[in-house]
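To keep things clear, I will list the structure first and then write my remarks on it.
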Amino acid sequence: MEVITTHTNADFDAMGSMIAARKLYPGALLVFPGSQERTLREYFIKSTVYIYGFKRLRDIDLEKVTRLILVDTRQSSRIGKFVDILNKPGLEVHVYDHHPDAEDDVRANLSIVRNFGSTVTLFSRLFMEQGIEVTAEEATIMSLGVFEDTGSFTFNNTTPEDFEAAAFLLRCGADLNVVSDIVTQELTAEQINLLNELILYARNYNFHGVEVCLTTVSVDRYVGDFAVLVHKLRDIENLDVVFALARMDDRVYLVARSRIPEVNVGAIASLFGGGGHATAASASIKDLTLVQTEAKLLEVLRDHIHPYPKAETLMTSPAVHTEPDVGIGEAQLTMVRYNINAMPVLKDGALVGLITRQVLEKALFHGLTQQTVAEFMNTDIASVEPNASLLEIQTHLVERHQRILPVVEKGKVLGVITRRDLLDFMLDEHNDDGSLYDETALEHWPKRKNIQSVISEQLPKNIIQMLREFGVLAESLGFRAYAVGGFVRDLLLRRTNFDIDIVLEGDAIEFARAFADRHAIKAKLHKKFNTAMLVFPDGQTVDIASARFEYYQHPAALPIVEFSSLKMDLYRRDFTINTLALALNPSEFGQLIDFFSGQRDIKEKIIRVLHNLSFIEDPTRILRAFRFEQRFGFRIGKQTTSLIRNAVHMDLIQKLGGRRFLHEIKLILEEEDPVPALRRIAEFGAMPALAGSINFDRKMEELFGRLREVISWYRLSFLDEPLERWWVYLLGLFSNLAVQDVQTACDRLLLTASQRDRLIWTLENAGKLLKSFFPDVSGRKPSEVYRALLPFRPEELLFLMGKADRESARKAVSHYFHRYRNTQTELKGKDLKAMGIPPGPIYRQLLDELLDARINKQVGNRSEEFRFLVSRRPEFFSEQARSVDWKNSC
């Protein structure tokens, strides 16, 4: 059975699209999934549309549906009872829609989606391209859909194709008198009263600089064409954004209209179970009162309206400035007076440079009090115009490390944008996580706690001895040594982790060289970065690093290097839970040092960043936050969540280098269960950074569940064989993408040419096997299975097992692993030569035939292999060789 259906509360575009789809699927049944709009119901009564044979849902046996054709929607939440059969084995789903993507879009075998004003327009273009004829009555019904969904071609979502569709339908005989009577009906007295109430109860709200009108009404019974009334309200009041809520009967209806890109009403309506376009959307809400719906809507609007600011809205004005001929001392006093750290230098009102407090203080330190600002200002600076985008602002302030960014118009400095201004925009909500982690936190005295009992309980004796030896050596050199980072975090979490990082308040190169000499081990030194790696005989490695900074005693002098304090080194790290340090010097061995309340956050199971530009400086921390959150069962703090959302909103992950991005993705896919972290990436809208067309939905999660099972099976079955688990999951992640999208994703991750070619080859050939080989695998010989699976690597075979929906296919791959893949013949090429067979390609052919016979249990030993060759290829053997036993003839 084929069924054509649409969304609940169907309109004319839905019905017109259903009738149009019938032209492509002549045998399909037309079934509404639920109620229809009042005007559509009235049209049913007055017209002859019943001749198309619409069926009632209750008369359909859903289990018999083999193909489901969805028109004017693809959201599972909007197709009523048909959602129950979406996962039915063998069901084929075809989609024709004009709405934007939504989180609950169904997976379809055929999906034709176009950004037109109506779905009828999509069908009209198909009919024009394929030469399909449309009757006058069909054209009239379809025209109703075009006119209704485009507001008679006045809505913002109207496209040139909608006009072309209307012209095509008019040529087919569409009756515009019927269209006019229905689309341009006069308002009833009841509708006029309702419109007046909408105007009366309208209230304006300001969300982050965006004006939004919200109005609510309540009536005892359903009043039709509510969307028309809202549209008239928008036009009467000249509103950019309007949300209207109406309680009618037992539900609340939401209708929204938007003229501005900052407010996507379709996305907001989807949160209430509805949908639509960025400019027009609606929802029907059953389980909330009008008051509850209004409260929830206000909350959603606060969370989802975040317009990108322009430079003129971010800047601080007027700009505190100085002039080039001003003395160093005077300029420094200006900065102190206004408590600023950088300011522009203007000459006759024009921007000529930038000076910072750090430069002024160093100049004064060196006694250069008589010099002017012009001699030390930075002239290589960037500026922006008032309408500059957030991305341009971010590029200068963050990526190019410019301290402040002047905003210039026609040569005049209007104001400046600081990093604090950018930060204030990102933190659009109050901090609910406690005090902000800024530079002032560095002044806090760290909490200390003796954890020697934890060390004795959790670490092997050889690791404890090694840590003590680090402390003893550091003491002898006048240094202080600390174990830091994930090693200390996992120590408190009682998790095994011997990946040790040591930070020294001292010279890491000198320390590593001395330790390597004392213990006769290898040390890899990196003098440029003042880091080293110790390599122990058992394979254990330890990273050694110094905290350091540089300063100059006088101009043009060589830099003086001083090793920084522990707290400055820890402040550079990603999350508070990774800022814990363990003292190793003998006098304080086992002391846990906590500057940033990392212990508290471990106890409360919270992931927090140290400072508010953390994700801007290093967007990989976003992916790391999701990985740590799921690995440890923690939650991301509210402020950190807000910072992640803003960073994703700013497309910072898109700007990550491919290798760094791949490294983080590999770490996630190497987790025992990568699904929770991937789910979070999708929730925050960061998945498009990997591949825009990846839909990490319920089906993808089910696939990853099966992949996890087969990976566990393999690791238990073949303990000694290595496995790149991340590659199995990457195949799963890309398994439903088109080849072009896979190539784009490979380029994004900077996969090597061999990796890209192997991935695409695997996906293509695995698909062929699943479609044409495995359905009847139970009737195939073992040698056929062996030959089919031989080209695949273990990771690719595990992907096949997870992707297969038949138990027989999974069993075939399992048998290959356990029974066939290591099978060898006893006879080799040298034996064929001893038999007198001339060397050549025939050797490979004979040995392959022999191997197949061995796999198929036709032969079991050397003698049987010889007899098999004699019987199958007698032309290669003499009469004497055939008449004696192979063992004797050898």
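Lettering and numbering for the structure tokens are positional, with chains as A, B, ... in the shown order, residues counted from 1 in each chain, and ligands counted from 1 in the shown order.
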
Handout entry: Contacts of Leu566 (chain A) at 9 Å (only C-alpha atoms; same-chain gap of 5+ positions) as a list in words
Key =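 Neighbouring residues, sequence-local ones excluded: Tyr482, Val503, Leu504, Glu505, Ala547, Tyr571 and Ala581 of chain A.
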
File of the preceding selection, N, CA, C and O atoms, as a PDB file, in the first residue's frame:
ATOM      1  N   TYR A 482      56.005  19.955  39.902  1.00  0.00           N
ATOM      2  CA  TYR A 482      54.589  19.644  40.148  1.00  0.00           C
ATOM      3  C   TYR A 482      54.072  18.726  39.046  1.00  0.00           C
ATOM      4  O   TYR A 482      54.375  18.922  37.857  1.00  0.00           O
ATOM      5  N   VAL A 503      55.287  20.171  35.476  1.00  0.00           N
ATOM      6  CA  VAL A 503      55.604  21.585  35.281  1.00  0.00           C
ATOM      7  C   VAL A 503      56.649  21.980  36.314  1.00  0.00           C
ATOM      8  O   VAL A 503      56.535  21.629  37.488  1.00  0.00           O
ATOM      9  N   LEU A 504      57.645  22.700  35.850  1.00  0.00           N
ATOM     10  CA  LEU A 504      58.741  23.118  36.725  1.00  0.00           C
ATOM     11  C   LEU A 504      58.774  24.624  36.877  1.00  0.00           C
ATOM     12  O   LEU A 504      58.606  25.359  35.891  1.00  0.00           O
ATOM     13  N   GLU A 505      58.957  25.058  38.079  1.00  0.00           N
ATOM     14  CA  GLU A 505      59.386  26.434  38.283  1.00  0.00           C
ATOM     15  C   GLU A 505      60.905  26.379  38.211  1.00  0.00           C
ATOM     16  O   GLU A 505      61.612  26.387  39.218  1.00  0.00           O
ATOM     17  N   ALA A 547      57.302  26.821  33.119  1.00  0.00           N
ATOM     18  CA  ALA A 547      56.526  28.052  33.018  1.00  0.00           C
ATOM     19  C   ALA A 547      57.527  29.186  32.973  1.00  0.00           C
ATOM     20  O   ALA A 547      58.453  29.227  33.785  1.00  0.00           O
ATOM     21  N   TYR A 571      46.903  28.984  34.789  1.00  0.00           N
ATOM     22  CA  TYR A 571      45.852  29.865  34.281  1.00  0.00           C
ATOM     23  C   TYR A 571      45.656  29.726  32.773  1.00  0.00           C
ATOM     24  O   TYR A 571      44.612  30.094  32.227  1.00  0.00           O
ATOM     25  N   ALA A 581      47.296  20.872  40.769  1.00  0.00           N
ATOM     26  CA  ALA A 581      48.714  20.517  40.731  1.00  0.00           C
ATOM     27  C   ALA A 581      49.080  19.722  41.979  1.00  0.00           C
ATOM     28  O   ALA A 581      48.511  19.932  43.057  1.00  0.00           O
TER      29      ALA A 581
END

Problem - For region 309-323 of chain A: contacts at 7 Å, only C-alpha atoms, fewer than 6 positions along chain excluded, given as a ChimeraX atom specification - result: /A:331,343-347,386-390,407,414-417,421

Exercise for the section: Just list the residues in region 629-674 of chain A DSSP gives helix (DSSP H, G or I) on the backbone, as a count of residues only. Expected result: 31

Practice task
Considering only C-alpha atoms, return as JSON, numbers by chain whatever protein or nucleic-acid residues lie within 12 Å of Ala583 (chain A), sequence-local ones (same chain, fewer than 2 positions apart) excluded.
Solution key: {"A": [448, 449, 450, 451, 452, 455, 467, 468, 470, 471, 472, 474, 475, 479, 480, 481, 482, 483, 484, 488, 502, 503, 504, 505, 566, 580, 581, 585, 586, 587, 588, 589, 590, 591, 592, 593, 594]}

Problem - Distance query region 7-23 of chain A at most 6 Å, only C-alpha atoms, self and fewer than 3 positions along chain excluded, as a PyMOL selection string - result: chain A and resi 26+33-37+72-73+78-79+120+141-142+144-145

Using DSSP on the backbone coordinates, identify all residues within region 310-397 of chain A classified as strand (DSSP E or B); present the result as a CSV table (one decimal) with N, CA and C atoms, in the first residue's frame.
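That gives us states.csv:
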chain,number,residue,atom,x,y,z
A,316,THR,N,32.9,51.6,22.5
A,316,THR,CA,32.9,52.6,23.6
A,316,THR,C,33.2,54.0,23.0
A,322,THR,N,45.2,60.0,22.9
A,322,THR,CA,46.4,60.9,23.1
A,322,THR,C,46.9,61.3,21.8
A,327,GLY,N,54.2,63.6,25.9
A,327,GLY,CA,55.3,62.9,26.6
A,327,GLY,C,54.8,61.6,27.1
A,342,ALA,N,45.0,50.6,26.8
A,342,ALA,CA,45.4,50.9,25.5
A,342,ALA,C,44.6,52.1,25.0
A,343,MET,N,45.1,52.9,24.1
A,343,MET,CA,44.3,54.0,23.5
A,343,MET,C,44.9,54.4,22.2
A,344,PRO,N,44.0,54.9,21.3
A,344,PRO,CA,44.5,55.3,20.0
A,344,PRO,C,45.3,56.6,20.1
A,345,VAL,N,46.1,56.8,19.1
A,345,VAL,CA,46.9,58.1,19.0
A,345,VAL,C,46.4,58.8,17.8
A,346,LEU,N,45.9,60.1,18.0
A,346,LEU,CA,45.3,60.8,16.9
A,346,LEU,C,46.1,62.1,16.6
A,347,LYS,N,46.2,62.4,15.4
A,347,LYS,CA,46.9,63.7,15.0
A,347,LYS,C,45.9,64.4,14.1
A,350,ALA,N,42.9,62.4,13.1
A,350,ALA,CA,43.1,61.2,12.3
A,350,ALA,C,43.9,60.2,13.1
A,351,LEU,N,43.6,58.9,12.8
A,351,LEU,CA,44.3,57.8,13.5
A,351,LEU,C,45.7,57.6,13.0
A,352,VAL,N,46.7,57.7,13.9
A,352,VAL,CA,48.0,57.5,13.4
A,352,VAL,C,48.7,56.3,14.1
A,353,GLY,N,48.2,55.8,15.2
A,353,GLY,CA,48.8,54.7,15.9
A,353,GLY,C,48.0,54.3,17.1
A,354,LEU,N,48.7,53.4,17.9
A,354,LEU,CA,48.1,52.8,19.1
A,354,LEU,C,49.2,52.7,20.1
A,355,ILE,N,48.9,53.0,21.4
A,355,ILE,CA,49.9,52.9,22.5
A,355,ILE,C,49.3,52.1,23.6
A,356,THR,N,50.1,51.3,24.3
A,356,THR,CA,49.6,50.4,25.4
A,356,THR,C,50.2,50.8,26.7
A,372,THR,N,58.5,61.0,23.4
A,372,THR,CA,57.1,61.2,23.1
A,372,THR,C,56.5,59.9,22.7
A,378,ASN,N,52.5,52.0,18.1
A,378,ASN,CA,52.4,51.0,17.1
A,378,ASN,C,51.6,51.6,15.9
A,384,VAL,N,38.1,49.5,11.8
A,384,VAL,CA,36.9,49.1,11.1
A,384,VAL,C,36.0,50.2,11.0

Exercise for the section: Have a look at A:Leu459, A:Leu229, A:Leu492, A:Ala374 and name the one nearest to Arg600 (chain A); count only C-alpha atoms. Expected result: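 So, comparing all the options, the nearest one is A:Leu492.
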
Completion exercise
note - CA of Pro674 (chain A) and CA of Val813 (chain A) are separated by 23.8 Å

Exercise for the section: Have a look at CA of Phe155 (chain A) and CA of Thr216 (chain A) and let me know their distance in Å, one decimal. Expected result: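 Computed distance, CA of Phe155 (chain A) to CA of Thr216 (chain A), equals 22.9 Å.
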
Handout entry: One-decimal distance in Å that lies between CA of Gln191 (chain A) and CA of Thr39 (chain A)
Key =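 Between these atoms lies a distance of 13.2 Å.
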
Near Cys746 (chain A), within 10 Å and counting only C-alpha atoms, which residues show up once chain neighbours fewer than 2 positions away are dropped, as a JSON list (two decimals) with all heavy atoms, in the first residue's frame?
[["chain", "number", "residue", "atom", "x", "y", "z"],
["A", 658, "GLY", "N", 42.16, 21.98, 10.14],
["A", 658, "GLY", "CA", 41.68, 20.62, 9.95],
["A", 658, "GLY", "C", 42.34, 19.59, 10.85],
["A", 658, "GLY", "O", 41.67, 18.71, 11.38],
["A", 662, "LEU", "N", 40.46, 17.35, 13.48],
["A", 662, "LEU", "CA", 40.51, 15.90, 13.37],
["A", 662, "LEU", "C", 40.99, 15.26, 14.67],
["A", 662, "LEU", "O", 40.45, 14.24, 15.11],
["A", 662, "LEU", "CB", 41.42, 15.49, 12.20],
["A", 662, "LEU", "CG", 41.66, 13.98, 12.03],
["A", 662, "LEU", "CD1", 40.36, 13.26, 11.74],
["A", 662, "LEU", "CD2", 42.67, 13.72, 10.91],
["A", 690, "LEU", "N", 31.65, 19.82, 10.91],
["A", 690, "LEU", "CA", 32.25, 18.59, 10.40],
["A", 690, "LEU", "C", 31.72, 18.30, 9.00],
["A", 690, "LEU", "O", 32.48, 18.09, 8.07],
["A", 690, "LEU", "CB", 31.93, 17.43, 11.35],
["A", 690, "LEU", "CG", 32.41, 16.04, 10.93],
["A", 690, "LEU", "CD1", 33.92, 16.03, 10.75],
["A", 690, "LEU", "CD2", 32.00, 15.00, 11.98],
["A", 691, "ALA", "N", 30.43, 18.26, 8.88],
["A", 691, "ALA", "CA", 29.78, 18.04, 7.58],
["A", 691, "ALA", "C", 28.35, 18.55, 7.70],
["A", 691, "ALA", "O", 27.58, 18.07, 8.53],
["A", 691, "ALA", "CB", 29.79, 16.57, 7.18],
["A", 734, "PHE", "N", 29.77, 8.99, 8.44],
["A", 734, "PHE", "CA", 29.68, 9.43, 7.05],
["A", 734, "PHE", "C", 28.83, 8.50, 6.19],
["A", 734, "PHE", "O", 28.67, 8.74, 5.00],
["A", 734, "PHE", "CB", 31.08, 9.52, 6.43],
["A", 734, "PHE", "CG", 31.93, 10.64, 6.97],
["A", 734, "PHE", "CD1", 33.27, 10.73, 6.67],
["A", 734, "PHE", "CD2", 31.38, 11.60, 7.80],
["A", 734, "PHE", "CE1", 34.06, 11.77, 7.16],
["A", 734, "PHE", "CE2", 32.15, 12.64, 8.30],
["A", 734, "PHE", "CZ", 33.47, 12.73, 7.98],
["A", 740, "GLN", "N", 29.96, 13.48, -2.63],
["A", 740, "GLN", "CA", 30.50, 14.84, -2.63],
["A", 740, "GLN", "C", 30.61, 15.40, -1.21],
["A", 740, "GLN", "O", 31.58, 16.07, -0.87],
["A", 740, "GLN", "CB", 29.61, 15.75, -3.49],
["A", 740, "GLN", "CG", 30.15, 17.17, -3.63],
["A", 740, "GLN", "CD", 29.29, 18.01, -4.54],
["A", 740, "GLN", "OE1", 28.32, 17.54, -5.11],
["A", 740, "GLN", "NE2", 29.63, 19.28, -4.70],
["A", 741, "ASP", "N", 29.61, 15.10, -0.37],
["A", 741, "ASP", "CA", 29.65, 15.57, 1.02],
["A", 741, "ASP", "C", 30.76, 14.87, 1.79],
["A", 741, "ASP", "O", 31.39, 15.48, 2.67],
["A", 741, "ASP", "CB", 28.30, 15.32, 1.69],
["A", 741, "ASP", "CG", 27.19, 16.19, 1.11],
["A", 741, "ASP", "OD1", 27.52, 17.27, 0.60],
["A", 741, "ASP", "OD2", 26.03, 15.77, 1.13],
["A", 742, "VAL", "N", 31.00, 13.59, 1.50],
["A", 742, "VAL", "CA", 32.09, 12.87, 2.15],
["A", 742, "VAL", "C", 33.43, 13.49, 1.78],
["A", 742, "VAL", "O", 34.30, 13.69, 2.63],
["A", 742, "VAL", "CB", 32.06, 11.37, 1.77],
["A", 742, "VAL", "CG1", 33.29, 10.66, 2.34],
["A", 742, "VAL", "CG2", 30.80, 10.71, 2.28],
["A", 743, "GLN", "N", 33.58, 13.81, 0.50],
["A", 743, "GLN", "CA", 34.83, 14.43, 0.06],
["A", 743, "GLN", "C", 35.05, 15.79, 0.74],
["A", 743, "GLN", "O", 36.15, 16.11, 1.16],
["A", 743, "GLN", "CB", 34.81, 14.60, -1.46],
["A", 743, "GLN", "CG", 34.89, 13.27, -2.21],
["A", 743, "GLN", "CD", 34.72, 13.44, -3.72],
["A", 743, "GLN", "OE1", 34.09, 14.39, -4.17],
["A", 743, "GLN", "NE2", 35.28, 12.52, -4.48],
["A", 744, "THR", "N", 33.97, 16.55, 0.86],
["A", 744, "THR", "CA", 34.06, 17.85, 1.53],
["A", 744, "THR", "C", 34.48, 17.68, 2.99],
["A", 744, "THR", "O", 35.32, 18.42, 3.51],
["A", 744, "THR", "CB", 32.71, 18.59, 1.46],
["A", 744, "THR", "OG1", 32.36, 18.77, 0.09],
["A", 744, "THR", "CG2", 32.80, 19.94, 2.15],
["A", 748, "ARG", "N", 37.77, 18.90, 4.95],
["A", 748, "ARG", "CA", 37.66, 19.69, 6.18],
["A", 748, "ARG", "C", 38.59, 19.15, 7.26],
["A", 748, "ARG", "O", 39.20, 19.90, 8.01],
["A", 748, "ARG", "CB", 36.20, 19.65, 6.67],
["A", 748, "ARG", "CG", 35.98, 20.26, 8.05],
["A", 748, "ARG", "CD", 36.08, 21.76, 8.01],
["A", 748, "ARG", "NE", 35.89, 22.35, 9.32],
["A", 748, "ARG", "CZ", 36.87, 22.67, 10.16],
["A", 748, "ARG", "NH1", 38.13, 22.42, 9.81],
["A", 748, "ARG", "NH2", 36.62, 23.23, 11.32],
["A", 749, "LEU", "N", 38.70, 17.81, 7.34],
["A", 749, "LEU", "CA", 39.52, 17.18, 8.37],
["A", 749, "LEU", "C", 40.97, 17.00, 7.94],
["A", 749, "LEU", "O", 41.78, 16.49, 8.71],
["A", 749, "LEU", "CB", 38.94, 15.81, 8.73],
["A", 749, "LEU", "CG", 37.54, 15.82, 9.38],
["A", 749, "LEU", "CD1", 37.03, 14.40, 9.56],
["A", 749, "LEU", "CD2", 37.58, 16.54, 10.71],
["A", 750, "LEU", "N", 41.28, 17.42, 6.72],
["A", 750, "LEU", "CA", 42.63, 17.26, 6.18],
["A", 750, "LEU", "C", 43.09, 15.81, 6.23],
["A", 750, "LEU", "O", 44.24, 15.52, 6.58],
["A", 750, "LEU", "CB", 43.62, 18.16, 6.92],
["A", 750, "LEU", "CG", 43.50, 19.67, 6.66],
["A", 750, "LEU", "CD1", 44.59, 20.43, 7.39],
["A", 750, "LEU", "CD2", 43.56, 19.99, 5.16],
["A", 751, "LEU", "N", 42.18, 14.89, 5.91],
["A", 751, "LEU", "CA", 42.59, 13.49, 5.80],
["A", 751, "LEU", "C", 43.58, 13.35, 4.66],
["A", 751, "LEU", "O", 43.51, 14.08, 3.67],
["A", 751, "LEU", "CB", 41.38, 12.60, 5.55],
["A", 751, "LEU", "CG", 40.33, 12.49, 6.67],
["A", 751, "LEU", "CD1", 39.22, 11.54, 6.26],
["A", 751, "LEU", "CD2", 40.96, 12.03, 7.97],
["A", 752, "THR", "N", 44.49, 12.42, 4.79],
["A", 752, "THR", "CA", 45.45, 12.18, 3.71],
["A", 752, "THR", "C", 44.70, 11.63, 2.50],
["A", 752, "THR", "O", 43.57, 11.15, 2.60],
["A", 752, "THR", "CB", 46.52, 11.18, 4.15],
["A", 752, "THR", "OG1", 45.90, 9.91, 4.40],
["A", 752, "THR", "CG2", 47.24, 11.67, 5.41],
["A", 753, "ALA", "N", 45.35, 11.71, 1.35],
["A", 753, "ALA", "CA", 44.73, 11.20, 0.12],
["A", 753, "ALA", "C", 44.39, 9.72, 0.26],
["A", 753, "ALA", "O", 43.32, 9.27, -0.18],
["A", 753, "ALA", "CB", 45.66, 11.43, -1.07],
["A", 755, "GLN", "N", 43.76, 8.08, 3.07],
["A", 755, "GLN", "CA", 42.63, 7.94, 4.00],
["A", 755, "GLN", "C", 41.32, 8.29, 3.31],
["A", 755, "GLN", "O", 40.32, 7.59, 3.46],
["A", 755, "GLN", "CB", 42.84, 8.84, 5.22],
["A", 755, "GLN", "CG", 43.88, 8.35, 6.20],
["A", 755, "GLN", "CD", 44.10, 9.35, 7.32],
["A", 755, "GLN", "OE1", 44.06, 10.55, 7.12],
["A", 755, "GLN", "NE2", 44.34, 8.85, 8.53],
["A", 756, "ARG", "N", 41.33, 9.39, 2.55],
["A", 756, "ARG", "CA", 40.10, 9.80, 1.86],
["A", 756, "ARG", "C", 39.67, 8.74, 0.85],
["A", 756, "ARG", "O", 38.50, 8.35, 0.80],
["A", 756, "ARG", "CB", 40.34, 11.13, 1.14],
["A", 756, "ARG", "CG", 39.09, 11.66, 0.42],
["A", 756, "ARG", "CD", 39.40, 12.85, -0.47],
["A", 756, "ARG", "NE", 40.28, 12.47, -1.57],
["A", 756, "ARG", "CZ", 41.49, 12.97, -1.75],
["A", 756, "ARG", "NH1", 41.98, 13.85, -0.91],
["A", 756, "ARG", "NH2", 42.24, 12.57, -2.78],
["A", 757, "ASP", "N", 40.62, 8.26, 0.05],
["A", 757, "ASP", "CA", 40.28, 7.26, -0.97],
["A", 757, "ASP", "C", 39.77, 5.98, -0.31],
["A", 757, "ASP", "O", 38.82, 5.35, -0.80],
["A", 757, "ASP", "CB", 41.50, 6.95, -1.84],
["A", 757, "ASP", "CG", 41.93, 8.16, -2.67],
["A", 757, "ASP", "OD1", 41.12, 9.10, -2.79],
["A", 757, "ASP", "OD2", 43.07, 8.15, -3.17],
["A", 759, "LEU", "N", 38.31, 5.67, 2.63],
["A", 759, "LEU", "CA", 37.00, 5.89, 3.24],
["A", 759, "LEU", "C", 35.91, 5.85, 2.19],
["A", 759, "LEU", "O", 34.87, 5.19, 2.37],
["A", 759, "LEU", "CB", 37.01, 7.23, 3.97],
["A", 759, "LEU", "CG", 35.83, 7.52, 4.91],
["A", 759, "LEU", "CD1", 36.30, 8.32, 6.11],
["A", 759, "LEU", "CD2", 34.74, 8.28, 4.19],
["A", 760, "ILE", "N", 36.12, 6.55, 1.08],
["A", 760, "ILE", "CA", 35.11, 6.58, 0.02],
["A", 760, "ILE", "C", 34.95, 5.19, -0.59],
["A", 760, "ILE", "O", 33.82, 4.73, -0.85],
["A", 760, "ILE", "CB", 35.49, 7.62, -1.05],
["A", 760, "ILE", "CG1", 35.42, 9.03, -0.45],
["A", 760, "ILE", "CG2", 34.59, 7.51, -2.26],
["A", 760, "ILE", "CD1", 35.92, 10.12, -1.37]]
